Amino acid sequence: MDASYETTREIEIELNGSRYRGRYRVMSGTVIVYYESEIKFAQYGMDRPELVARWLLTDLSRRDEIKKKKSGRG
């Protein structure tokens, strides 16, 4: 049995001058990204899983920035 599905990797992006860190794992052709209390996943097909993980983390980070602006914290 392959336990690679348990392995998570760190990922970091920069968005609008802020750094965001998350973790991701790859399972059966799907990339799963964990950022704070959020989880987002997508199939990676022809793209590298690391690239898809960056896209997903960027999306989650943008959503987080919007929440902060709406609540007046950003």
# chains A, B, ... in the order shown; residues from 1 in each chain; ligands from 1
call {"tool": "residues_around", "arguments": {"residues": "stretch 48-54 of chain A", "least_positions_apart": "5", "cutoff": "9 Å", "atoms": "only C-alpha atoms", "output": "list in words"}}
result
Ile11, Glu12, Ile13, Arg23, Tyr24, Arg25, Val26, Gly29, Thr30, Val31, Ile32, Val33, Phe41, Ala42, Gln43 and Asp59 of chain A
call {"tool": "select_by_dssp", "arguments": {"residues": "stretch 25-69 of chain A", "states": "strand (DSSP E)", "output": "PyMOL selection string"}}
result
chain A and resi 25-27+30-35+38-43
call {"tool": "select_by_dssp", "arguments": {"residues": "chain A", "states": "alpha helix (DSSP H)", "output": "list in words"}}
result
Pro49, Glu50, Leu51, Val52, Ala53, Arg54, Trp55, Leu56, Leu57, Thr58, Asp59, Leu60, Ser61, Arg62, Arg63, Asp64, Glu65, Ile66, Lys67, Lys68, Lys69, Lys70 and Ser71 of chain A
call {"tool": "write_last_selection", "arguments": {"atoms": "N, CA and C atoms", "output": "tab-separated table (two decimals), in the first residue's frame"}}
result
chain	number	residue	atom	x	y	z
A	49	PRO	N	1.10	19.17	-10.65
A	49	PRO	CA	0.32	19.35	-9.42
A	49	PRO	C	0.73	20.60	-8.64
A	50	GLU	N	2.02	20.95	-8.63
A	50	GLU	CA	2.48	22.14	-7.91
A	50	GLU	C	1.86	23.41	-8.49
A	51	LEU	N	1.72	23.46	-9.80
A	51	LEU	CA	1.13	24.62	-10.46
A	51	LEU	C	-0.35	24.75	-10.10
A	52	VAL	N	-1.06	23.64	-10.14
A	52	VAL	CA	-2.48	23.65	-9.78
A	52	VAL	C	-2.64	24.06	-8.32
A	53	ALA	N	-1.75	23.58	-7.45
A	53	ALA	CA	-1.80	23.95	-6.03
A	53	ALA	C	-1.61	25.45	-5.86
A	54	ARG	N	-0.71	26.05	-6.62
A	54	ARG	CA	-0.51	27.51	-6.55
A	54	ARG	C	-1.77	28.25	-6.99
A	55	TRP	N	-2.41	27.79	-8.05
A	55	TRP	CA	-3.65	28.43	-8.52
A	55	TRP	C	-4.72	28.35	-7.44
A	56	LEU	N	-4.86	27.18	-6.84
A	56	LEU	CA	-5.88	27.01	-5.81
A	56	LEU	C	-5.60	27.87	-4.58
A	57	LEU	N	-4.32	27.93	-4.18
A	57	LEU	CA	-3.96	28.76	-3.03
A	57	LEU	C	-4.19	30.24	-3.35
A	58	THR	N	-3.90	30.65	-4.57
A	58	THR	CA	-4.16	32.03	-4.98
A	58	THR	C	-5.63	32.35	-4.87
A	59	ASP	N	-6.47	31.43	-5.32
A	59	ASP	CA	-7.91	31.64	-5.24
A	59	ASP	C	-8.37	31.76	-3.78
A	60	LEU	N	-7.89	30.87	-2.93
A	60	LEU	CA	-8.26	30.93	-1.51
A	60	LEU	C	-7.75	32.20	-0.85
A	61	SER	N	-6.55	32.65	-1.23
A	61	SER	CA	-5.97	33.88	-0.66
A	61	SER	C	-6.77	35.10	-1.07
A	62	ARG	N	-7.19	35.15	-2.33
A	62	ARG	CA	-8.02	36.27	-2.79
A	62	ARG	C	-9.33	36.32	-2.02
A	63	ARG	N	-9.92	35.16	-1.82
A	63	ARG	CA	-11.17	35.07	-1.06
A	63	ARG	C	-10.95	35.59	0.37
A	64	ASP	N	-9.81	35.24	0.96
A	64	ASP	CA	-9.47	35.70	2.31
A	64	ASP	C	-9.29	37.22	2.34
A	65	GLU	N	-8.62	37.79	1.33
A	65	GLU	CA	-8.44	39.25	1.26
A	65	GLU	C	-9.79	39.96	1.16
A	66	ILE	N	-10.69	39.41	0.37
A	66	ILE	CA	-12.02	40.02	0.22
A	66	ILE	C	-12.77	39.99	1.55
A	67	LYS	N	-12.70	38.88	2.26
A	67	LYS	CA	-13.35	38.78	3.57
A	67	LYS	C	-12.80	39.81	4.53
A	68	LYS	N	-11.48	40.01	4.51
A	68	LYS	CA	-10.85	40.98	5.42
A	68	LYS	C	-11.29	42.39	5.08
A	69	LYS	N	-11.37	42.71	3.80
A	69	LYS	CA	-11.81	44.05	3.40
A	69	LYS	C	-13.25	44.32	3.81
A	70	LYS	N	-14.10	43.31	3.64
A	70	LYS	CA	-15.51	43.48	4.00
A	70	LYS	C	-15.70	43.65	5.49
A	71	SER	N	-14.86	43.01	6.29
A	71	SER	CA	-14.99	43.11	7.74
A	71	SER	C	-14.22	44.31	8.28
call {"tool": "atom_distance", "arguments": {"atom1": "atom CA of A:Met46", "atom2": "atom CA of A:Thr8"}}
result
20.7 Å
call {"tool": "closest_residue", "arguments": {"among": "A:Asp47, A:Ile39, A:Thr7, A:Leu15", "to": "A:Met27", "atoms": "only C-alpha atoms"}}
result
A:Thr7
